[in-house]
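Reading through the C-alpha cells given below for one structure.
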Amino acid sequence: MKTRITEMFGIEHPIIQGGMHYVGFAELAAAVSNAGGLGIITGLTQKTPEDLANEIARCKEMTDKPFGVNVTFLPVVNAPDYPGIIKVIIDGGVKVVETAGNNPSEYLPALKEAGVKVIHKCTAVRHALKAQKIGCDAVSVDGFECGGHPGEDDIPNMILLPRAADELEIPFVSSGGMADARSLVASLAMGAEGMNMGTRFLATKEAPVHENVKQAILQATELDTRLVMRPLRNTERVLNNPAVEKILATEKAKGKDLEFGDIAEEVAGVYPRVMMEGDVECGAWSCGMVAGLINDIPSCDELISRIMADAEAMIRQRLSGML
Ligand SMILES: Cc1cc2nc3c(=O)[nH]c(=O)nc-3n(C[C@H](O)[C@H](O)[C@H](O)COP(=O)(O)O)c2cc1C
C-alpha cells in the first residue's frame, strides 16, 4: 500500500506506533519498524538528553529501518531540556519526530534544516490547521476515543477525520481507537493516509512492559476507560481501577476548587510502577476504548502483517464485491 505517509517516512506500511510513556523504548520502536511500520521512541521517558541519545543508538543497533522520536510538550512542573532533546535527535540521525501536547514551532527550524520530518499529533481540526500553517509535514488526528490526552472537544473520529480531510492539504493519519484492518480501511475511506496506534501496540510481544499491563488490556472492554483531570483541562483517558475511582471521587467532591495536588498521588510518577513493576492498580495510566477490540498479544510483525493482509482482502473482496 502506497500513500503520502509511506512515501514521506520511507516505510512499507502506513502504520505508526504513537509515543507512549514508559512503553516506547528502543525494543518496541525497532520491532514496529522492522515489521514495516514506523516505530517511535518516547523522548521524555528518557531522563536526560544523553539517555535519549543512548536509546536512539540502541534502536539503531536493532533496526536499519526508519524510526522516530516522540517529543511531548505537556504542562509539567519542571520543563525538560527540550533544546537538548532536539539536538540529540538531530545528532542521532533520526529522520522523524512526532510532536504532541503543544505547538512545536520553536523547534521546527532546527528540525527542518536537519531534514527531519515532523508529524504533529492533535485533537482538533483548528490545531491541525495550525500545524500545517507553521510547517509540520503531516498530522496525526487523535479522536475522542484515544488512550492518553483527547483534548477537551470530545469529537470522535467518525466526525473528526472527515472534517480534517475537508480542511487539510498535508497528509494525516488517524489516531485513537485503531486496532485492525477495519480501522485502517475506514480511516483511508475518511481521508487519512495511514493510522497511528497506541493501546494496540501496548499489547504486543515486544512491548517492554510487565505482563500484568498486557493482561489488563486483554481483560478490559470498551466500557472500562474513564476520563480523569477534566476539571484541570488536562483530560486523560485511562483504564479504570480503584485509584482512578478515587481520583473521580476527589474531582467530584472538590468541584471547581480541584488542584493537581489533590490527585497527585494517583497520577504523578505512576508510570514506572505500572509499566515496569506491573502494579496496574497503583494509579491512572493511559488506555484507549480500543481495549475492547484487543483479544491477543501478537508480535508486532504478526499484528502489522495481519492488518495489511486483512485490509487488502477487505478492499479487493468485501468492498469491491459490493459494487
Ligand atoms: C500507555 C500510553 C502512554 C502514552 N504516552 C504518550 C506520550 O507520552 N506522549 C504522547 O504524545 N502520546 C502518548 N500516548 C498516546 C499515544 O501515542 C496515541 O496517540 C494513542 O494511544 C492513540 O489512541 P489508542 O490508544 O486508541 O490507539 C500514550 C498512550 C498510551 C496508551
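Identifiers in this document derive from the order of the C-alpha cells: chains are assigned A, B, ..., residues are numbered from 1 separately in each chain, and ligands are numbered from 1 in order of occurrence.
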Exercise. When the cut-off is 6 Å and you count only C-alpha atoms and all ligand atoms, which residues lie near ligand 1, shown as a list in words?
Worked result: Gly18, Gly19, Met20, His21, Thr72, Ala100, Glu145, Cys146, Gly147, Gly148, Ser175, Gly176, Gly177, Met178, Met197, Gly198, Thr199, Arg200, Trp285, Ser286, Cys287, Gly288 and Val290 of chain A
Residues within 8 Å of Ile294 (chain A), only C-alpha atoms, excluding chain neighbours under 2 positions, as a CSV table (one decimal) with C-alpha atoms, in the first residue's frame:
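What ended up in out_21.csv:
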chain,number,residue,atom,x,y,z
A,179,ALA,CA,-6.8,-1.7,16.2
A,200,ARG,CA,-2.9,-1.9,20.4
A,203,ALA,CA,-0.5,-5.5,24.0
A,217,ILE,CA,-5.8,-4.6,28.4
A,218,LEU,CA,-6.9,-8.1,27.2
A,290,VAL,CA,-10.0,0.2,21.7
A,291,ALA,CA,-9.1,-2.2,24.6
A,292,GLY,CA,-12.5,-3.6,23.8
A,296,ASP,CA,-4.5,-11.3,21.8
Exercise. Would you give me, as a ChimeraX atom specification, the residues in region 16-258 of chain A that DSSP reads as strand (DSSP E)?
Worked result: /A:16-17,39-42,67-72,96-100,117-122,138-142,172-175,195-197,225-228,236-239
Problem set entry | All residues 12 Å or closer to Arg306 (chain A), only C-alpha atoms, same chain fewer than 2 positions away omitted, as a list in words | His13, Ala35, Ala179, Asp180, Ala181, Arg182, Leu184, Pro298, Ser299, Cys300, Asp301, Glu302, Leu303, Ile304, Met308, Ala309, Asp310, Ala311, Glu312, Ala313 and Met314 of chain A
Exercise. If we count only C-alpha atoms, what is near Ile85 (chain A) at a cut-off of 9 Å, once residues fewer than 4 positions away on the same chain are taken out, given as a PyMOL selection string?
Worked result: chain A and resi 43-44+48-50+52-53+71+80-81+89-90
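Distance-wise, CA of Pro104 (chain A) and CA of Val88 (chain A) end up 16.5 Å apart.
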Exercise. Can you list, as a PyMOL selection string, every residue of region 83-281 of chain A that DSSP puts in helix (DSSP H, G or I)?
Worked result: chain A and resi 83-91+105-113+125-134+157-167+181-189+199-202+211-219+230-232+242-257+260-267+271-276
Problem set entry | Near-region 135-143 of chain A list (10 Å; only C-alpha atoms; drop same-chain fewer than 4 positions) as a PyMOL selection string | chain A and resi 4-5+8+16+18+96+98-100+104-105+108-109+112+116-125+127-131+147-151+153-161+164+168-177+192+194-197
For this session: Would you please work out which residue, of A:Asn102, A:Thr225, A:Thr45, A:Thr250, is nearest to Ala264 (chain A) when using only C-alpha atoms?
Result: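 When distances to Ala264 (chain A) are compared using only C-alpha atoms, the smallest one comes from A:Thr250.
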Exercise. What does the distance between CA of Phe73 (chain A) and CA of Asn103 (chain A) come to in Å, to one decimal place?
Worked result: 7.9 Å
Exercise. Any idea what's packed within 9 Å of Gly10 (chain A), counting only C-alpha atoms, ignoring anything in its chain fewer than 4 positions away? Could you give it as a PyMOL selection string?
Worked result: chain A and resi 5-6+38+65-66
For this session: Could you tell me how far CA of Ser33 (chain A) lies from CA of Ile134 (chain A), in Å and to one decimal?
Result: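 We find that CA of Ser33 (chain A) and CA of Ile134 (chain A) lie 27.8 Å from each other.
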Where does region 167-238 of chain A meet region 265-281 of chain A within 8 Å, residue by residue, with the nearest atom pair and distance in Å to one decimal for each, counting only C-alpha atoms, listed by chain and rising number, as a Markdown table?
| residue | atom | partner | partner_atom | distance |
| --- | --- | --- | --- | --- |
| A:Val209 | CA | A:Met275 | CA | 5.0 |
| A:His210 | CA | A:Gly278 | CA | 5.0 |
| A:Glu211 | CA | A:Gly278 | CA | 7.0 |
| A:Asn212 | CA | A:Gly278 | CA | 5.3 |
| A:Val213 | CA | A:Gly278 | CA | 6.2 |
| A:Ala216 | CA | A:Val280 | CA | 7.7 |
Problem set entry | For Glu236 (chain A), the nearest of the candidates A:Ala284, A:Lys133, A:Met289, A:Glu106, counting only C-alpha atoms |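 Of A:Ala284, A:Lys133, A:Met289, A:Glu106, the one nearest Glu236 (chain A), counting only C-alpha atoms, is A:Ala284.
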For this session: Could you check which of A:Ile40, A:Thr235, A:Ala26, A:Asp224 is closest to Gly101 (chain A), using only C-alpha atoms?
Result: A:Thr235
